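Next up, start-v9.txt (compact mmCIF, C-alpha atoms and all ligand atoms):
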```
# COMPACT_ATOMS: atom_id res chain seq x y z
CA MET U 27 0.00 0.00 0.00
CA PHE U 28 2.98 2.32 0.45
CA LEU U 29 3.66 1.99 -3.28
CA LYS U 30 0.12 2.69 -4.48
CA ASP U 31 0.24 4.78 -7.69
CA LYS U 32 4.04 5.11 -7.49
CA LYS U 33 5.64 5.04 -10.92
CA ILE U 34 8.51 2.58 -10.89
CA LEU U 35 10.88 2.16 -13.81
CA ILE U 36 12.72 -1.15 -13.68
CA GLY U 37 15.90 -1.51 -15.72
CA ILE U 38 16.71 -5.14 -16.51
CA THR U 39 20.18 -6.24 -17.60
CA GLY U 40 21.62 -9.49 -18.94
CA GLY U 41 22.12 -11.45 -15.73
CA ILE U 42 20.81 -14.89 -14.87
CA ALA U 43 18.81 -13.47 -11.92
CA ALA U 44 16.64 -11.52 -14.38
CA TYR U 45 13.88 -14.15 -14.13
CA LYS U 46 13.25 -13.00 -10.55
CA VAL U 47 12.06 -9.66 -11.86
CA TYR U 48 8.74 -11.25 -12.85
CA GLU U 49 7.93 -11.98 -9.21
CA LEU U 50 9.12 -8.53 -8.16
CA ILE U 51 6.77 -6.92 -10.69
CA ARG U 52 3.89 -9.02 -9.33
CA ILE U 53 4.55 -7.80 -5.77
CA LEU U 54 4.72 -4.17 -6.92
CA THR U 55 1.64 -4.19 -9.13
CA LYS U 56 -0.39 -6.02 -6.46
CA GLU U 57 0.48 -3.12 -4.17
CA GLY U 58 -0.89 -0.68 -6.74
CA ALA U 59 2.39 0.54 -8.25
CA LYS U 60 2.67 1.41 -11.93
CA VAL U 61 5.62 -0.34 -13.52
CA LYS U 62 7.46 0.17 -16.80
CA THR U 63 10.55 -1.73 -17.90
CA VAL U 64 13.62 -0.80 -19.92
CA LEU U 65 16.05 -3.54 -20.99
CA THR U 66 19.59 -3.81 -22.24
CA PRO U 67 19.87 -5.81 -25.48
CA SER U 68 21.53 -8.67 -23.51
CA ALA U 69 18.54 -8.83 -21.14
CA LEU U 70 16.43 -10.09 -24.07
CA ASP U 71 18.28 -13.42 -23.68
CA PHE U 72 17.00 -13.70 -20.11
CA VAL U 73 13.45 -12.30 -20.02
CA SER U 74 10.53 -12.25 -22.43
CA PRO U 75 9.03 -8.95 -23.61
CA THR U 76 5.64 -10.67 -23.85
CA VAL U 77 5.74 -11.68 -20.18
CA LEU U 78 6.92 -8.21 -19.11
CA SER U 79 4.22 -6.57 -21.18
CA THR U 80 1.56 -8.81 -19.63
CA LEU U 81 2.74 -8.38 -16.05
CA THR U 82 3.17 -4.60 -16.20
CA SER U 83 0.36 -3.74 -18.67
CA ASN U 84 3.01 -1.59 -20.35
CA VAL U 85 5.22 -2.34 -23.32
CA PRO U 86 8.86 -2.95 -22.41
CA TYR U 87 11.52 -0.81 -24.13
CA TRP U 88 15.03 -1.76 -25.30
CA GLU U 89 15.70 0.33 -28.39
CA TRP U 90 14.90 3.60 -30.02
CA ASP U 91 12.81 3.75 -33.16
CA TYR U 92 11.47 6.54 -35.34
CA LYS U 93 8.13 6.46 -33.47
CA ASN U 94 9.85 6.88 -30.09
CA PRO U 95 13.06 8.87 -30.63
CA LEU U 96 12.92 10.47 -27.17
CA VAL U 97 11.78 7.45 -25.23
CA HIS U 98 14.78 7.68 -22.84
CA ILE U 99 13.76 11.21 -21.84
CA ASP U 100 10.08 10.25 -21.54
CA LEU U 101 10.82 7.27 -19.31
CA ALA U 102 13.20 9.30 -17.14
CA LYS U 103 10.55 12.00 -16.67
CA TRP U 104 7.72 9.51 -16.14
CA CYS U 105 9.16 7.60 -13.20
CA ASP U 106 9.22 8.42 -9.48
CA VAL U 107 12.12 6.03 -8.95
CA PHE U 108 14.49 4.13 -11.26
CA LEU U 109 15.60 0.68 -10.12
CA ILE U 110 18.00 -1.59 -12.00
CA ALA U 111 17.46 -5.22 -11.01
CA PRO U 112 19.42 -7.26 -11.65
CA ALA U 113 22.34 -4.98 -12.49
CA THR U 114 25.23 -6.73 -14.26
CA VAL U 115 28.79 -5.73 -13.48
CA ASN U 116 29.00 -4.53 -17.08
CA THR U 117 26.11 -2.09 -16.70
CA ILE U 118 27.27 -0.98 -13.21
CA SER U 119 30.63 -0.06 -14.70
CA LYS U 120 29.02 1.81 -17.59
CA LEU U 121 26.87 3.81 -15.16
CA ALA U 122 29.96 4.76 -13.17
CA LEU U 123 31.58 6.09 -16.36
CA GLY U 124 28.52 7.89 -17.69
CA ILE U 125 28.33 5.71 -20.78
CA ALA U 126 25.02 5.89 -22.62
CA ASP U 127 25.37 3.29 -25.35
CA ASN U 128 21.94 1.64 -25.04
CA LEU U 129 18.43 2.70 -24.08
CA LEU U 130 18.81 1.65 -20.43
CA THR U 131 22.08 3.48 -19.80
CA ALA U 132 20.88 6.56 -21.72
CA THR U 133 17.67 6.67 -19.66
CA TRP U 134 19.77 6.37 -16.48
CA LEU U 135 21.86 9.38 -17.46
CA ALA U 136 18.75 11.36 -18.34
CA CYS U 137 17.08 10.59 -15.03
CA ASP U 138 17.31 12.78 -11.93
CA LYS U 139 14.90 10.79 -9.74
CA PRO U 140 15.93 8.53 -6.83
CA LYS U 141 18.01 5.66 -8.23
CA ILE U 142 18.57 2.16 -6.91
CA VAL U 143 20.90 -0.57 -8.14
CA ALA U 144 20.48 -4.24 -7.16
CA PRO U 145 23.64 -5.99 -8.39
CA ALA U 146 23.89 -9.72 -9.09
CA ALA U 147 26.95 -11.58 -10.38
CA ASN U 148 29.34 -14.43 -9.78
CA THR U 149 31.33 -13.82 -6.57
CA VAL U 150 34.69 -13.27 -8.24
CA MET U 151 33.21 -10.93 -10.85
CA PHE U 152 31.33 -9.02 -8.15
CA LYS U 153 34.37 -8.71 -5.87
CA ASN U 154 36.60 -7.48 -8.69
CA PRO U 155 38.09 -4.16 -7.53
CA ALA U 156 36.92 -2.42 -10.70
CA VAL U 157 33.32 -3.33 -9.89
CA GLN U 158 33.64 -2.46 -6.20
CA GLU U 159 35.18 0.92 -7.03
CA ASN U 160 32.40 1.62 -9.51
CA LEU U 161 29.74 0.74 -6.93
CA LYS U 162 31.39 3.10 -4.43
CA LYS U 163 31.36 5.83 -7.06
CA LEU U 164 27.63 5.37 -7.69
CA GLN U 165 26.96 5.38 -3.95
CA LYS U 166 28.91 8.62 -3.58
CA TRP U 167 26.61 10.15 -6.21
CA GLY U 168 23.55 9.24 -4.16
CA VAL U 169 22.61 5.94 -5.81
CA GLU U 170 21.26 3.40 -3.32
CA ILE U 171 23.08 0.07 -3.70
CA ILE U 172 21.15 -2.92 -2.38
CA PRO U 173 23.58 -5.40 -0.81
CA THR U 174 23.82 -8.76 -2.54
CA GLN U 175 23.14 -11.95 -0.57
CA LYS U 176 25.49 -14.80 0.17
CA GLY U 177 24.27 -18.11 -1.18
CA LEU U 178 24.35 -20.67 -3.94
CA LEU U 179 24.80 -18.85 -7.24
CA ALA U 180 23.49 -19.96 -10.62
CA CYS U 181 27.07 -20.83 -11.67
CA GLY U 182 27.23 -23.37 -8.82
CA ASP U 183 29.57 -21.31 -6.63
CA LEU U 184 28.69 -20.55 -3.05
CA GLY U 185 29.35 -16.95 -2.05
CA GLU U 186 28.51 -13.27 -2.29
CA GLY U 187 26.76 -11.88 -5.37
CA LYS U 188 23.25 -13.30 -5.25
CA LEU U 189 20.49 -10.82 -6.11
CA ALA U 190 18.89 -9.39 -2.95
CA ASP U 191 15.58 -10.93 -1.89
CA ILE U 192 12.79 -9.34 -3.94
CA ASN U 193 10.92 -8.35 -0.76
CA LEU U 194 13.98 -6.39 0.33
CA ILE U 195 14.14 -4.75 -3.11
CA ARG U 196 10.49 -3.76 -2.61
CA ASP U 197 11.38 -2.27 0.79
CA TYR U 198 14.16 -0.19 -0.80
CA LEU U 199 11.61 1.19 -3.28
CA VAL U 200 9.43 2.31 -0.35
CA LYS U 201 12.53 3.79 1.31
CA ALA U 202 13.27 5.82 -1.83
CA GLN U 203 9.83 7.43 -1.51
CA THR U 204 9.91 8.13 2.24
CA PRO U 205 11.40 11.20 4.00
CA GLN U 206 14.61 10.09 5.77
CA ARG U 207 13.74 11.23 9.29
CA TRP U 208 15.77 8.45 10.97
CA LYS U 209 18.77 8.66 8.64
CA GLY U 210 21.86 7.00 10.16
CA LYS U 211 20.15 6.35 13.51
CA LYS U 212 20.31 2.99 15.26
CA VAL U 213 17.07 1.95 16.91
CA LEU U 214 16.39 -0.92 19.31
CA ILE U 215 13.01 -2.56 18.81
CA THR U 216 11.69 -5.38 20.98
CA LEU U 217 8.87 -7.54 19.72
CA GLY U 218 6.95 -10.75 20.27
CA ALA U 219 6.23 -12.55 23.53
CA THR U 220 8.62 -13.77 26.20
CA LYS U 221 8.17 -17.25 27.67
CA GLU U 222 8.64 -18.34 31.27
CA TYR U 223 9.27 -22.05 31.77
CA LEU U 224 7.90 -24.32 34.47
CA ASP U 225 9.88 -27.29 33.17
CA PRO U 226 11.69 -28.01 29.88
CA VAL U 227 8.42 -28.35 27.93
CA ARG U 228 5.84 -26.19 29.74
CA PHE U 229 5.75 -22.42 29.86
CA ILE U 230 3.49 -19.39 30.31
CA SER U 231 3.47 -16.70 27.65
CA ASN U 232 0.99 -14.59 25.68
CA GLY U 233 -0.33 -14.37 22.12
CA SER U 234 1.67 -11.39 20.84
CA SER U 235 2.33 -11.84 17.13
CA GLY U 236 5.20 -9.37 16.75
CA LYS U 237 3.36 -7.78 13.82
CA MET U 238 3.51 -4.23 15.18
CA GLY U 239 7.17 -4.63 16.18
CA LEU U 240 8.08 -5.78 12.69
CA ALA U 241 6.08 -2.90 11.21
CA LEU U 242 8.07 -0.50 13.43
CA ALA U 243 11.35 -2.05 12.25
CA LYS U 244 10.32 -1.63 8.63
CA ALA U 245 9.18 1.94 9.26
CA ILE U 246 12.59 2.81 10.74
CA PHE U 247 14.29 1.17 7.74
CA TYR U 248 12.08 3.10 5.25
CA GLN U 249 13.15 6.31 6.99
CA GLY U 250 16.87 5.59 6.72
CA GLY U 251 17.46 4.17 10.21
CA LYS U 252 18.99 0.86 11.26
CA PRO U 253 16.66 -1.24 13.40
CA ILE U 254 18.16 -3.79 15.78
CA LEU U 255 15.56 -6.31 16.86
CA VAL U 256 15.31 -8.25 20.10
CA ALA U 257 12.61 -10.79 19.43
CA GLY U 258 10.79 -13.20 21.69
CA ASP U 259 8.33 -15.67 20.24
CA THR U 260 6.75 -14.19 17.09
CA LYS U 261 4.09 -15.39 14.68
CA VAL U 262 5.40 -13.14 11.94
CA GLU U 263 8.56 -14.15 10.12
CA ILE U 264 11.40 -11.69 10.62
CA PRO U 265 13.30 -11.11 7.37
CA GLU U 266 16.92 -12.24 7.63
CA TRP U 267 18.25 -8.81 6.62
CA PHE U 268 17.19 -7.30 9.96
CA GLU U 269 19.85 -7.68 12.66
CA THR U 270 17.97 -9.77 15.21
CA VAL U 271 18.76 -11.24 18.61
CA ARG U 272 16.40 -14.11 19.44
CA VAL U 273 15.48 -14.59 23.10
CA GLU U 274 13.01 -16.71 25.04
CA THR U 275 12.70 -15.44 28.61
CA THR U 276 12.23 -11.94 29.98
CA GLN U 277 15.64 -12.15 31.66
CA GLU U 278 17.26 -12.94 28.30
CA MET U 279 15.39 -10.04 26.70
CA LEU U 280 16.61 -7.73 29.45
CA GLU U 281 20.23 -8.84 28.98
CA ALA U 282 20.06 -8.39 25.20
CA CYS U 283 18.51 -4.91 25.61
CA LEU U 284 21.13 -3.83 28.17
CA ASP U 285 23.83 -4.96 25.77
CA ILE U 286 22.45 -3.02 22.79
CA PHE U 287 21.06 0.03 24.61
CA PRO U 288 24.30 2.12 24.83
CA SER U 289 24.75 2.01 21.03
CA VAL U 290 21.27 3.18 19.98
CA GLU U 291 19.54 6.53 19.75
CA ALA U 292 16.02 5.30 20.42
CA VAL U 293 14.12 2.32 21.76
CA PHE U 294 10.65 1.10 20.81
CA MET U 295 9.73 -1.40 23.50
CA ASN U 296 6.96 -3.26 21.71
CA ALA U 297 7.46 -6.78 23.08
CA ALA U 298 4.69 -8.31 25.17
CA VAL U 299 6.78 -9.27 28.15
CA THR U 300 5.38 -12.01 30.38
CA ASP U 301 5.08 -10.18 33.69
CA TYR U 302 5.37 -13.26 35.91
CA LYS U 303 7.63 -16.28 36.00
CA PHE U 304 7.58 -19.47 38.06
CA GLU U 305 9.38 -19.11 41.35
CA LYS U 306 10.74 -22.61 40.88
CA THR U 307 11.57 -24.19 37.53
CA TYR U 308 12.09 -27.92 37.19
CA GLN U 309 15.09 -29.45 35.39
CA ASN U 310 13.07 -32.44 34.19
CA LYS U 311 9.55 -32.71 32.81
CA LEU U 312 7.01 -32.87 35.62
CA LYS U 313 5.10 -36.13 35.70
CA LYS U 314 1.31 -35.91 35.63
CA LYS U 315 -0.17 -36.79 39.00
CA GLU U 316 -3.74 -37.10 40.23
CA LYS U 317 -3.41 -34.40 42.88
CA GLU U 318 -3.34 -30.69 42.20
CA LEU U 319 -0.11 -28.82 41.45
CA ILE U 320 0.37 -25.50 43.20
CA VAL U 321 2.95 -23.17 41.71
CA LYS U 322 4.00 -19.71 42.79
CA LEU U 323 4.52 -16.87 40.31
CA VAL U 324 6.94 -14.02 40.96
CA PRO U 325 7.47 -10.83 38.88
CA THR U 326 9.92 -10.83 35.96
CA PRO U 327 12.38 -7.94 35.64
CA ASP U 328 10.88 -4.70 34.30
CA ILE U 329 13.00 -3.95 31.21
CA LEU U 330 11.58 -0.48 30.54
CA THR U 331 12.11 0.65 34.13
CA GLN U 332 15.73 -0.47 33.97
CA LEU U 333 16.32 1.28 30.63
CA GLY U 334 14.54 4.37 31.98
CA LYS U 335 17.10 4.53 34.80
CA LEU U 336 20.08 4.04 32.47
CA LYS U 337 18.90 6.39 29.72
CA ARG U 338 21.18 9.25 28.65
CA ASN U 339 20.21 10.76 25.29
CA GLN U 340 18.12 7.85 24.05
CA ILE U 341 14.46 8.38 23.21
CA LEU U 342 12.52 5.73 25.08
CA VAL U 343 9.11 4.78 23.72
CA GLY U 344 6.91 2.29 25.56
CA PHE U 345 3.79 0.47 24.38
CA ALA U 346 0.83 -0.36 26.55
CA VAL U 347 -2.45 -2.16 26.23
CA GLU U 348 -5.22 -0.90 28.48
CA THR U 349 -8.86 -1.82 28.86
CA GLN U 350 -9.98 1.39 30.59
CA SER U 351 -8.85 5.03 31.12
CA LEU U 352 -6.27 4.51 28.34
CA VAL U 353 -4.61 7.94 28.36
CA GLU U 354 -4.62 8.35 32.14
CA ASN U 355 -3.14 4.92 32.83
CA ALA U 356 -0.57 5.26 30.05
CA LEU U 357 0.57 8.65 31.36
CA LYS U 358 1.10 7.14 34.83
CA LYS U 359 3.24 4.40 33.28
CA LEU U 360 5.22 6.94 31.25
CA ARG U 361 6.08 8.96 34.38
CA LYS U 362 6.84 5.92 36.54
CA LYS U 363 9.23 4.44 33.99
CA ASN U 364 10.89 7.70 32.86
CA LEU U 365 9.76 7.30 29.22
CA ASP U 366 9.78 10.00 26.55
CA ALA U 367 6.61 8.73 24.92
CA ILE U 368 4.12 5.94 25.18
CA VAL U 369 1.75 4.42 22.66
CA VAL U 370 -1.40 2.95 24.17
CA ASN U 371 -4.11 0.94 22.50
CA PRO U 372 -7.22 -0.92 23.61
CA SER U 373 -6.94 -4.71 23.86
CA LYS U 374 -9.09 -5.23 20.73
CA VAL U 375 -6.11 -4.07 18.62
CA MET U 376 -4.18 -7.23 19.60
CA GLY U 377 -4.23 -9.67 16.71
CA SER U 378 -6.19 -7.20 14.55
CA ASP U 379 -4.95 -5.77 11.25
CA THR U 380 -6.26 -2.25 11.84
CA TYR U 381 -4.87 0.06 14.48
CA GLU U 382 -6.25 2.63 16.87
CA GLY U 383 -4.70 4.15 19.94
CA PHE U 384 -2.92 7.22 21.30
CA LEU U 385 0.61 8.60 21.16
CA ILE U 386 1.39 10.42 24.39
CA THR U 387 4.61 12.31 25.12
CA LYS U 388 6.24 13.28 28.41
CA ASP U 389 5.00 16.85 27.80
CA SER U 390 1.45 15.45 27.88
CA LEU U 391 0.91 15.88 24.16
CA VAL U 392 -1.85 13.41 23.28
CA GLU U 393 -2.46 12.41 19.66
CA GLU U 394 -5.13 9.98 18.55
CA ILE U 395 -3.98 7.39 15.99
CA LYS U 396 -6.44 5.63 13.67
CA LYS U 397 -4.95 3.74 10.76
CA PRO U 398 -6.26 1.02 8.46
CA THR U 399 -3.12 -1.09 8.95
CA LYS U 400 -0.42 -1.60 11.58
CA GLU U 401 2.20 -0.75 8.93
CA GLU U 402 0.66 2.70 8.49
CA ALA U 403 0.33 3.17 12.24
CA ALA U 404 4.01 2.22 12.71
CA LEU U 405 5.11 4.67 10.02
CA TYR U 406 3.03 7.43 11.60
CA ILE U 407 4.29 6.74 15.13
CA THR U 408 7.96 6.67 14.11
CA GLN U 409 7.54 9.80 11.96
CA ARG U 410 5.94 11.72 14.83
CA VAL U 411 8.53 10.56 17.36
CA ALA U 412 11.31 11.78 15.05
CA GLU U 413 9.55 15.10 14.45
CA ILE U 414 8.85 15.70 18.13
CA PHE U 415 12.20 14.60 19.58
CA PHE U 416 14.80 15.21 16.87
CA ASN U 417 13.27 18.45 15.60
CA PRO U 418 11.40 19.98 18.54
CA ARG U 419 9.58 22.49 16.33
CA GLY U 420 8.21 19.64 14.11
C1 LIG U 501 24.14 -17.42 -18.87
C2 LIG U 501 24.77 -16.10 -18.52
C3 LIG U 501 24.57 -15.58 -17.27
C4 LIG U 501 25.13 -14.35 -16.92
N1 LIG U 501 24.90 -13.85 -15.67
C5 LIG U 501 25.46 -12.69 -15.30
C6 LIG U 501 25.24 -12.18 -14.00
O1 LIG U 501 24.53 -12.74 -13.17
N2 LIG U 501 25.85 -11.01 -13.68
C7 LIG U 501 26.64 -10.34 -14.55
O2 LIG U 501 27.14 -9.29 -14.16
N3 LIG U 501 26.84 -10.80 -15.80
C8 LIG U 501 26.28 -11.95 -16.20
N4 LIG U 501 26.50 -12.45 -17.47
C9 LIG U 501 27.32 -11.67 -18.41
C10 LIG U 501 26.54 -10.57 -19.06
O3 LIG U 501 25.43 -11.12 -19.76
C11 LIG U 501 27.43 -9.79 -20.02
O4 LIG U 501 28.44 -9.12 -19.30
C12 LIG U 501 26.66 -8.80 -20.86
O5 LIG U 501 27.54 -8.09 -21.67
C13 LIG U 501 25.89 -7.84 -19.97
O6 LIG U 501 25.26 -6.86 -20.76
P1 LIG U 501 24.34 -5.75 -20.13
O7 LIG U 501 25.03 -5.24 -18.92
O8 LIG U 501 24.25 -4.71 -21.19
O9 LIG U 501 23.04 -6.36 -19.85
C14 LIG U 501 25.93 -13.65 -17.86
C15 LIG U 501 26.11 -14.19 -19.13
C16 LIG U 501 25.54 -15.39 -19.46
C17 LIG U 501 25.75 -15.92 -20.85
```

Starting from the coordinates I provided, produce the structure as structure tokens.
Ligand SMILES: Cc1cc2nc3c(=O)[nH]c(=O)nc-3n(C[C@H](O)[C@H](O)[C@H](O)COP(=O)(O)O)c2cc1C
Amino acid sequence: MFLKDKKILIGITGGIAAYKVYELIRILTKEGAKVKTVLTPSALDFVSPTVLSTLTSNVPYWEWDYKNPLVHIDLAKWCDVFLIAPATVNTISKLALGIADNLLTATWLACDKPKIVAPAANTVMFKNPAVQENLKKLQKWGVEIIPTQKGLLACGDLGEGKLADINLIRDYLVKAQTPQRWKGKKVLITLGATKEYLDPVRFISNGSSGKMGLALAKAIFYQGGKPILVAGDTKVEIPEWFETVRVETTQEMLEACLDIFPSVEAVFMNAAVTDYKFEKTYQNKLKKKEKELIVKLVPTPDILTQLGKLKRNQILVGFAVETQSLVENALKKLRKKNLDAIVVNPSKVMGSDTYEGFLITKDSLVEEIKKPTKEEAALYITQRVAEIFFNPRG
């Protein structure tokens, strides 16, 4: 939905990963984006113009003709963002030299919109200093380079140079269209549910999905920040490109947070921490017996309170679920835990796709949030936090 009506020009070059562009186009058009494609002549060996035309509802371009002599200028003006995926080392090097010897490279030179390059090549080709220098040059000129993945390459080698996951490429396209309010900032985000064990197989926990936490991480990424995730049990899959520390218990989550906290500029504490743990945990599985089992629960450590005490310049944002007096109860929590802001929502939001709640700051600013999706709510919350705390007049 972030890409609805965005005009995306995809440049396709002659690399074996070009077939993946079909799936990428499907993701983008399903989200409402308008897609056009421009190909190098070599790319015609790897993708079919008929398929591209069908998937994009637009004719693909790869050469000039007398009917379209200025097509490179038209395409450059038409798009909101120009992505080359996959980008061969040959085309990367041409871009770094300003060569315009085919329709794709000419369109690139004629284009002053945000530009993204997703390279893909055999490891040795990709690591060649000429290619690396050329990538650095493009980056210096403001081109976003999507890191390649490590993995099994089409040539049979195992190593760096695999085209980035198409979902990550999609996320970079959103990033290119989003104001960079968190540029260069590291942000700790906790998500999911912690578990407290009675014995090796039994535990208490809660049903947190981690959906909002993941949406917050993506929102920080879209705005140029680097999210670091500390995740308990989640129902959502966390993409491998997010730096993530996996934990089970509240104590482990606390330790991971304390470790990361000094290096970040903000914390979004979105995990649903299990507030109680068993006073006694058993080494071996408890045998079922006829008589009742009485266990005692004791409080788990309060991570936010501890971070609130340690905080120097970090912006600390808590999340709360309340069933009554939402704003009043959330404000009490904010003060008690020394937070900068708190986001509170009614319990019906848990497990739901839509979002409603309030953003409350330590200066008692109260903003109502109502969004059709958690992704939009997360983008709004992170935008407002950046505006309020990094630019006090915002
Ligand atoms: C089967 C095959 C696969 C190729 N895969 C890649 C690749 O993944 N990355 C790359 O940089 N070049 C690859 N090449 C080499 C390019 O096709 C070649 O350098 C070509 O000149 C690129 O032209 P272009 O950049 O104008 O598309 C491949 C060549 C062949 C025949």

Between CA of Gly40 in chain U and CA of Tyr92 in chain U - distance in Å to one decimal: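 Here the two named atoms are 25.1 Å from each other.
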
Give one line per residue of chain U that approaches ligand LIG 501 (chain U) to at most 8 Å, naming the two atoms of the closest pair and their distance in Å to one decimal, counting all atoms listed in the file; sort by chain then ascending residue number and deliver it as JSON lines.
```
{"residue": "U:Ile38", "atom": "CA", "partner": "U:LIG501", "partner_atom": "O9", "distance": 7.3}
{"residue": "U:Thr39", "atom": "CA", "partner": "U:LIG501", "partner_atom": "O9", "distance": 3.6}
{"residue": "U:Gly40", "atom": "CA", "partner": "U:LIG501", "partner_atom": "O9", "distance": 3.6}
{"residue": "U:Gly41", "atom": "CA", "partner": "U:LIG501", "partner_atom": "C5", "distance": 3.6}
{"residue": "U:Ile42", "atom": "CA", "partner": "U:LIG501", "partner_atom": "N1", "distance": 4.3}
{"residue": "U:Ala43", "atom": "CA", "partner": "U:LIG501", "partner_atom": "O1", "distance": 5.9}
{"residue": "U:Leu65", "atom": "CA", "partner": "U:LIG501", "partner_atom": "O9", "distance": 7.6}
{"residue": "U:Thr66", "atom": "CA", "partner": "U:LIG501", "partner_atom": "O8", "distance": 4.9}
{"residue": "U:Pro67", "atom": "CA", "partner": "U:LIG501", "partner_atom": "O8", "distance": 6.2}
{"residue": "U:Ser68", "atom": "CA", "partner": "U:LIG501", "partner_atom": "O9", "distance": 4.6}
{"residue": "U:Ala69", "atom": "CA", "partner": "U:LIG501", "partner_atom": "O9", "distance": 5.3}
{"residue": "U:Pro112", "atom": "CA", "partner": "U:LIG501", "partner_atom": "O1", "distance": 7.6}
{"residue": "U:Ala113", "atom": "CA", "partner": "U:LIG501", "partner_atom": "O2", "distance": 6.7}
{"residue": "U:Thr114", "atom": "CA", "partner": "U:LIG501", "partner_atom": "O2", "distance": 3.2}
{"residue": "U:Val115", "atom": "CA", "partner": "U:LIG501", "partner_atom": "O2", "distance": 4.0}
{"residue": "U:Asn116", "atom": "CA", "partner": "U:LIG501", "partner_atom": "O7", "distance": 4.4}
{"residue": "U:Thr117", "atom": "CA", "partner": "U:LIG501", "partner_atom": "O7", "distance": 4.0}
{"residue": "U:Ile118", "atom": "CA", "partner": "U:LIG501", "partner_atom": "O7", "distance": 7.5}
{"residue": "U:Asn128", "atom": "CA", "partner": "U:LIG501", "partner_atom": "O8", "distance": 7.8}
{"residue": "U:Pro145", "atom": "CA", "partner": "U:LIG501", "partner_atom": "O2", "distance": 7.5}
{"residue": "U:Ala146", "atom": "CA", "partner": "U:LIG501", "partner_atom": "O1", "distance": 5.1}
{"residue": "U:Ala147", "atom": "CA", "partner": "U:LIG501", "partner_atom": "N2", "distance": 3.5}
{"residue": "U:Asn148", "atom": "CA", "partner": "U:LIG501", "partner_atom": "O1", "distance": 6.1}
{"residue": "U:Met151", "atom": "CA", "partner": "U:LIG501", "partner_atom": "O2", "distance": 7.1}
{"residue": "U:Phe152", "atom": "CA", "partner": "U:LIG501", "partner_atom": "O2", "distance": 7.3}
{"residue": "U:Ala180", "atom": "CA", "partner": "U:LIG501", "partner_atom": "O1", "distance": 7.7}
```

Can those selected residues be exported to a file as a tab-separated table (two decimals), keeping the file's coordinate frame so that it contains C-alpha atoms?
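Here's the written file again.tsv:
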```tsv
chain	number	residue	atom	x	y	z
U	38	ILE	CA	16.71	-5.14	-16.51
U	39	THR	CA	20.18	-6.24	-17.60
U	40	GLY	CA	21.62	-9.49	-18.94
U	41	GLY	CA	22.12	-11.45	-15.73
U	42	ILE	CA	20.81	-14.89	-14.87
U	43	ALA	CA	18.81	-13.47	-11.92
U	65	LEU	CA	16.05	-3.54	-20.99
U	66	THR	CA	19.59	-3.81	-22.24
U	67	PRO	CA	19.87	-5.81	-25.48
U	68	SER	CA	21.53	-8.67	-23.51
U	69	ALA	CA	18.54	-8.83	-21.14
U	112	PRO	CA	19.42	-7.26	-11.65
U	113	ALA	CA	22.34	-4.98	-12.49
U	114	THR	CA	25.23	-6.73	-14.26
U	115	VAL	CA	28.79	-5.73	-13.48
U	116	ASN	CA	29.00	-4.53	-17.08
U	117	THR	CA	26.11	-2.09	-16.70
U	118	ILE	CA	27.27	-0.98	-13.21
U	128	ASN	CA	21.94	1.64	-25.04
U	145	PRO	CA	23.64	-5.99	-8.39
U	146	ALA	CA	23.89	-9.72	-9.09
U	147	ALA	CA	26.95	-11.58	-10.38
U	148	ASN	CA	29.34	-14.43	-9.78
U	151	MET	CA	33.21	-10.93	-10.85
U	152	PHE	CA	31.33	-9.02	-8.15
U	180	ALA	CA	23.49	-19.96	-10.62
```

Got a sec: who's within 10 Å of range 181-198 of chain U, counting all atoms listed in the file, leaving out chain neighbours fewer than 6 positions off, as a ChimeraX atom specification? /U:28-29,41-44,46-51,53-54,109,111-113,142-153,170-175,204,244-245,247-248,250,265-267

List the spatial neighbours of range 399-404 of chain U as a ChimeraX atom specification - criterion: any atom at most 8 Å away, all atoms listed in the file, same-chain residues fewer than 6 positions off excluded. /U:237-238,241-242,245,379-381

In the coordinate frame of the file, compute which residues have an atom within 10 Å of (18.4, 7.4, -18.3) when using only C-alpha atoms, and state them as a PyMOL selection string. chain U and resi 37+64+97-103+108+121+126+128-139

Just to confirm, what's the straight-line distance from CA of Phe415 in chain U to CA of Ile395 in chain U in Å (one decimal)?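 CA of Phe415 in chain U sits 18.1 Å away from CA of Ile395 in chain U.
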
Enter the distance from CA of Asp389 in chain U to CA of Trp208 in chain U, in Å, rounded to one decimal. 21.7 Å

Once 4 Å is added on each side, what centre and edge lengths in Å to one decimal does the axis-aligned box around all listed atoms of range 269-276 of chain U have, as AutoDock Vina command-line options?
```
--center_x 16.0 --center_y -12.2 --center_z 21.3 --size_x 15.6 --size_y 17.0 --size_z 25.3
```

So that I can see what lies close to Lys335 in chain U, please list as number ranges by chain the residues with an atom at most 10 Å from it, counting all atoms listed in the file and leaving out residues fewer than 3 positions away in the same chain. U: 330-332, 338, 363-365

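With all atoms listed in the file as the atoms that count, the residue of U:Glu281, U:Glu263, U:Asp225, U:Asp328 with the shortest distance to Thr307 in chain U is U:Asp225.
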
Counting only C-alpha atoms, figure out which residue out of U:Gln165, U:Thr76, U:Thr260, U:Gln409 gets nearest to Asn232 in chain U. U:Thr260

Residues near Ser289 in chain U, anyone? I mean within 10 Å using all atoms listed in the file, not counting same-chain ones fewer than 3 positions away, as a list in words.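 Here the qualifying residues turn out to be Lys211, Lys212, Val213, Leu214, Leu284, Asp285, Ile286, Ala292 and Gln340 of chain U.
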
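Take the candidates U:Thr216, U:Gln249, U:Asn355, U:Thr276 and check each one against Met295 in chain U using all atoms listed in the file; the shortest distance goes to U:Thr216.
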